[in-house]
$ cat protein-v8.cif   # mmCIF, C-alpha atoms
data_structure
#
loop_
_atom_site.label_atom_id
_atom_site.label_comp_id
_atom_site.auth_asym_id
_atom_site.auth_seq_id
_atom_site.Cartn_x
_atom_site.Cartn_y
_atom_site.Cartn_z
CA MET G 1 9.42 -7.01 -15.06
CA ILE G 2 8.20 -8.53 -11.81
CA TYR G 3 8.85 -12.20 -11.09
CA THR G 4 6.61 -14.38 -8.96
CA SER G 5 6.68 -17.77 -7.31
CA LYS G 6 4.16 -19.69 -5.23
CA TYR G 7 4.60 -21.24 -1.79
CA GLU G 8 2.24 -23.59 0.07
CA SER G 9 2.01 -22.75 3.77
CA LYS G 10 0.02 -23.61 6.89
CA LEU G 11 -2.01 -20.49 6.09
CA GLY G 12 -2.70 -21.44 2.50
CA LYS G 13 -1.12 -20.38 -0.77
CA ILE G 14 1.40 -17.54 -0.66
CA LEU G 15 2.57 -15.51 -3.65
CA LEU G 16 6.12 -14.14 -3.63
CA ALA G 17 7.25 -11.27 -5.87
CA SER G 18 10.71 -10.02 -6.80
CA ASP G 19 12.41 -7.42 -8.96
CA GLY G 20 14.93 -10.13 -9.88
CA THR G 21 17.19 -9.61 -6.87
CA ASN G 22 15.10 -8.48 -3.90
CA LEU G 23 11.86 -9.73 -2.40
CA THR G 24 9.28 -7.03 -3.15
CA GLY G 25 6.07 -8.79 -2.17
CA LEU G 26 4.59 -11.63 -0.14
CA TRP G 27 0.83 -12.06 -0.01
CA ILE G 28 -1.39 -14.75 1.44
CA GLU G 29 -4.00 -15.78 -1.14
CA GLY G 30 -7.10 -13.64 -0.77
CA GLN G 31 -5.29 -10.99 1.26
CA LYS G 32 -6.52 -7.42 1.11
CA TYR G 33 -4.32 -5.29 -1.19
CA PHE G 34 -3.11 -8.45 -3.00
CA LEU G 35 -0.52 -7.39 -5.61
CA SER G 36 -1.40 -3.75 -4.91
CA ASN G 37 2.13 -2.45 -5.50
CA ILE G 38 2.69 -4.21 -8.84
CA ASN G 39 2.13 -2.23 -12.03
CA GLU G 40 4.47 -4.14 -14.32
CA GLU G 41 4.38 -7.30 -16.40
CA ILE G 42 4.53 -10.46 -14.29
CA GLU G 43 6.46 -13.62 -15.09
CA GLU G 44 6.54 -16.75 -12.93
CA LYS G 45 10.17 -17.80 -12.47
CA GLU G 46 12.25 -19.51 -9.80
CA LEU G 47 14.96 -17.12 -8.55
CA PRO G 48 17.59 -17.41 -5.80
CA ILE G 49 15.65 -14.89 -3.65
CA PHE G 50 12.59 -17.13 -3.86
CA LYS G 51 14.59 -20.19 -2.80
CA GLN G 52 16.00 -18.24 0.15
CA THR G 53 12.55 -16.93 1.08
CA LYS G 54 11.00 -20.41 0.93
CA LEU G 55 13.72 -21.78 3.22
CA TRP G 56 13.06 -18.85 5.57
CA LEU G 57 9.30 -19.58 5.49
CA ASN G 58 9.90 -23.30 6.10
CA LYS G 59 11.85 -22.48 9.26
CA TYR G 60 9.28 -19.90 10.34
CA PHE G 61 6.34 -22.28 9.96
CA GLU G 62 8.29 -24.93 11.89
CA GLY G 63 8.29 -22.47 14.80
CA LYS G 64 11.95 -21.54 14.51
CA GLU G 65 12.99 -17.96 15.16
CA VAL G 66 14.10 -16.26 11.96
CA SER G 67 15.02 -12.68 11.18
CA PRO G 68 13.91 -10.50 8.26
CA LYS G 69 17.56 -9.42 8.09
CA ASP G 70 18.31 -12.81 6.50
CA LEU G 71 16.58 -11.74 3.26
CA LYS G 72 17.04 -8.94 0.73
CA LEU G 73 13.80 -6.97 1.03
CA LYS G 74 12.67 -3.99 -1.02
CA PRO G 75 9.09 -3.02 -0.22
CA GLU G 76 7.67 -0.30 -2.49
CA GLY G 77 5.46 2.45 -1.11
CA THR G 78 5.29 6.05 0.00
CA GLU G 79 8.03 7.42 2.26
CA PHE G 80 5.59 7.44 5.18
CA ARG G 81 4.71 3.77 4.66
CA LYS G 82 8.37 2.81 4.28
CA GLU G 83 9.16 4.48 7.63
CA VAL G 84 6.33 2.55 9.31
CA TRP G 85 7.55 -0.70 7.72
CA LYS G 86 11.06 -0.02 9.08
CA ILE G 87 9.51 0.08 12.56
CA LEU G 88 7.63 -3.17 11.90
CA TYR G 89 10.90 -4.72 10.77
CA GLN G 90 12.32 -4.05 14.25
CA ILE G 91 9.57 -5.85 16.22
CA PRO G 92 11.26 -8.93 17.71
CA TYR G 93 10.04 -12.45 16.97
CA GLY G 94 7.40 -13.49 19.50
CA LYS G 95 6.71 -9.92 20.68
CA THR G 96 3.97 -7.44 19.87
CA THR G 97 3.61 -3.68 19.78
CA THR G 98 0.65 -1.36 19.38
CA TYR G 99 -0.47 1.02 16.67
CA LYS G 100 -0.15 3.81 19.26
CA GLU G 101 3.46 2.90 20.06
CA ILE G 102 4.29 2.99 16.35
CA ALA G 103 2.43 6.31 16.00
CA ASP G 104 4.45 7.75 18.92
CA THR G 105 7.69 6.57 17.29
CA MET G 106 6.65 8.06 13.95
CA ALA G 107 5.79 11.37 15.66
CA LYS G 108 9.31 11.52 17.10
CA LEU G 109 10.89 10.59 13.74
CA THR G 110 8.92 13.26 11.90
CA LYS G 111 9.35 15.81 14.71
CA LYS G 112 5.60 16.18 15.18
CA LYS G 113 3.73 16.45 18.47
CA LYS G 114 1.39 13.65 17.55
CA MET G 115 0.79 11.03 14.86
CA SER G 116 -2.50 9.33 14.09
CA ALA G 117 -2.70 5.65 14.99
CA GLN G 118 -5.20 5.31 12.12
CA ALA G 119 -2.62 6.66 9.63
CA VAL G 120 -0.13 4.15 10.99
CA GLY G 121 -2.79 1.43 10.71
CA GLY G 122 -3.23 2.27 7.02
CA ALA G 123 0.50 1.93 6.41
CA VAL G 124 0.68 -1.32 8.40
CA GLY G 125 -2.24 -2.71 6.39
CA HIS G 126 -0.50 -1.92 3.10
CA ASN G 127 2.70 -3.77 4.04
CA PRO G 128 3.56 -5.63 0.81
CA ILE G 129 5.81 -8.23 2.47
CA SER G 130 3.54 -9.85 5.04
CA ILE G 131 4.90 -12.26 7.63
CA ILE G 132 8.55 -11.32 6.97
CA ILE G 133 7.92 -7.64 7.73
CA PRO G 134 5.82 -8.62 10.76
CA CYS G 135 2.67 -6.51 10.60
CA HIS G 136 0.86 -9.37 12.38
CA ARG G 137 2.73 -8.35 15.57
CA VAL G 138 0.81 -5.06 15.81
CA VAL G 139 -2.24 -4.99 18.09
CA GLY G 140 -4.63 -2.43 19.54
CA THR G 141 -3.63 -0.59 22.71
CA ASP G 142 -6.45 -2.32 24.57
CA GLY G 143 -5.30 -5.79 23.48
CA SER G 144 -7.65 -6.04 20.51
CA LEU G 145 -6.52 -8.12 17.56
CA THR G 146 -7.36 -5.89 14.62
CA GLY G 147 -6.14 -4.81 11.27
CA TYR G 148 -4.54 -7.77 9.55
CA ALA G 149 -4.98 -7.68 5.75
CA GLY G 150 -4.63 -11.47 5.60
CA GLY G 151 -7.51 -11.93 8.06
CA LEU G 152 -7.63 -12.19 11.85
CA ASP G 153 -7.61 -16.00 11.76
CA LYS G 154 -4.22 -15.88 10.03
CA LYS G 155 -2.91 -13.18 12.37
CA ILE G 156 -3.79 -15.42 15.33
CA LYS G 157 -2.07 -18.44 13.73
CA LEU G 158 1.09 -16.40 13.08
CA LEU G 159 1.20 -15.17 16.68
CA GLU G 160 0.61 -18.72 17.92
CA ILE G 161 3.49 -20.01 15.75
CA GLU G 162 5.67 -17.44 17.54
CA LYS G 163 4.33 -18.66 20.90
CA VAL G 164 2.89 -15.27 21.83
CA ASP G 165 0.72 -15.40 24.98
CA MET G 166 -2.71 -15.00 23.40
CA SER G 167 -4.57 -14.75 26.71
CA LYS G 168 -4.02 -10.97 26.82
CA PHE G 169 -5.69 -10.37 23.45
CA TYR G 170 -9.26 -10.41 22.17
CA ILE G 171 -11.15 -10.05 18.90
CA PRO G 172 -13.41 -6.98 19.02
CA THR G 173 -17.03 -7.54 18.13
CA THR G 174 -17.57 -4.01 16.76
CA GLY G 175 -15.36 -1.34 15.24
CA THR G 176 -11.60 -1.48 14.99
CA ALA G 177 -9.56 -0.30 17.95
CA LEU G 178 -6.13 0.95 16.98
#

$ encode --input "protein-v8.cif" --output "structure tokens"
Amino acid sequence: MIYTSKYESKLGKILLASDGTNLTGLWIEGQKYFLSNINEEIEEKELPIFKQTKLWLNKYFEGKEVSPKDLKLKPEGTEFRKEVWKILYQIPYGKTTTYKEIADTMAKLTKKKKMSAQAVGGAVGHNPISIIIPCHRVVGTDGSLTGYAGGLDKKIKLLEIEKVDMSKFYIPTTGTAL
């Protein structure tokens, strides 16, 4: 059984999911891969983890620095994706990293010479706990704002909430630079 709850945010409606104890999903309405990791029966129910998550989100949207460590998270995915999400989890509030930097870290972790930034981009895009596991903090090496499943407009708003200097970034007009 998967439990869900809704939250109204500055970005629109957000759906939260839980296994009863841990937060297992957070999707902005209309987000790519919405509910993609849920294969069980769904029941809407208010749980302690949802109350904690909503308080966390309230603080976040007020522009207060919060940490994902404050919540019990359990994202479901392949081992590769989980390793990428662990790296995302470490990106500090108000900072960004690149797909290439994550790929380099993954190459070291897996003892490979090289890791594809596109493979990392796929894992980042399938992050089931958006905002809290901060996939919006990942940008292209050249400063391009790409690859946010919730939409680039929402990625920009999230970075602005965190007071990231947006002058060094741009939205590409063609292709997707990772």

$ atom_distance --input "protein-v8.cif" --atom1 "CA of Lys69 (chain G)" --atom2 "CA of His136 (chain G)"
17.2 Å

$ resolve_selection --input "protein-v8.cif" --expression "the PyMOL selection byres ((chain G and resi 53) around 10)" --output "list in words"
Tyr7, Leu16, Leu23, Leu26, Leu47, Pro48, Ile49, Phe50, Lys51, Gln52, Lys54, Leu55, Trp56, Leu57, Asn58, Lys59, Pro68, Asp70, Leu71, Lys72 and Ile132 of chain G

$ closest_residue --input "protein-v8.cif" --among "G:Pro128, G:Val84, G:Tyr60, G:Leu73" --to "Thr110 (chain G)" --atoms "only C-alpha atoms"
G:Val84

$ resolve_selection --input "protein-v8.cif" --expression "the PyMOL selection byres ((chain G and resi 160-175) around 7)" --output "ChimeraX atom specification"
/G:61,63,93-95,143-145,156-159,176-177

$ write_last_selection --input "protein-v8.cif" --atoms "C-alpha atoms" --output "PDB file, in the frame of the given file"
ATOM      1  CA  PHE G  61       6.340 -22.280   9.960  1.00  0.00           C
ATOM      2  CA  GLY G  63       8.290 -22.470  14.800  1.00  0.00           C
ATOM      3  CA  TYR G  93      10.040 -12.450  16.970  1.00  0.00           C
ATOM      4  CA  GLY G  94       7.400 -13.490  19.500  1.00  0.00           C
ATOM      5  CA  LYS G  95       6.710  -9.920  20.680  1.00  0.00           C
ATOM      6  CA  GLY G 143      -5.300  -5.790  23.480  1.00  0.00           C
ATOM      7  CA  SER G 144      -7.650  -6.040  20.510  1.00  0.00           C
ATOM      8  CA  LEU G 145      -6.520  -8.120  17.560  1.00  0.00           C
ATOM      9  CA  ILE G 156      -3.790 -15.420  15.330  1.00  0.00           C
ATOM     10  CA  LYS G 157      -2.070 -18.440  13.730  1.00  0.00           C
ATOM     11  CA  LEU G 158       1.090 -16.400  13.080  1.00  0.00           C
ATOM     12  CA  LEU G 159       1.200 -15.170  16.680  1.00  0.00           C
ATOM     13  CA  THR G 176     -11.600  -1.480  14.990  1.00  0.00           C
ATOM     14  CA  ALA G 177      -9.560  -0.300  17.950  1.00  0.00           C
TER      15      ALA G 177
END

$ closest_residue --input "protein-v8.cif" --among "G:Asn22, G:Met106, G:Ser67, G:Glu62" --to "Lys10 (chain G)" --atoms "all atoms listed in the file"
G:Glu62

$ atom_distance --input "protein-v8.cif" --atom1 "CA of Asp142 (chain G)" --atom2 "CA of Ile91 (chain G)"
18.4 Å
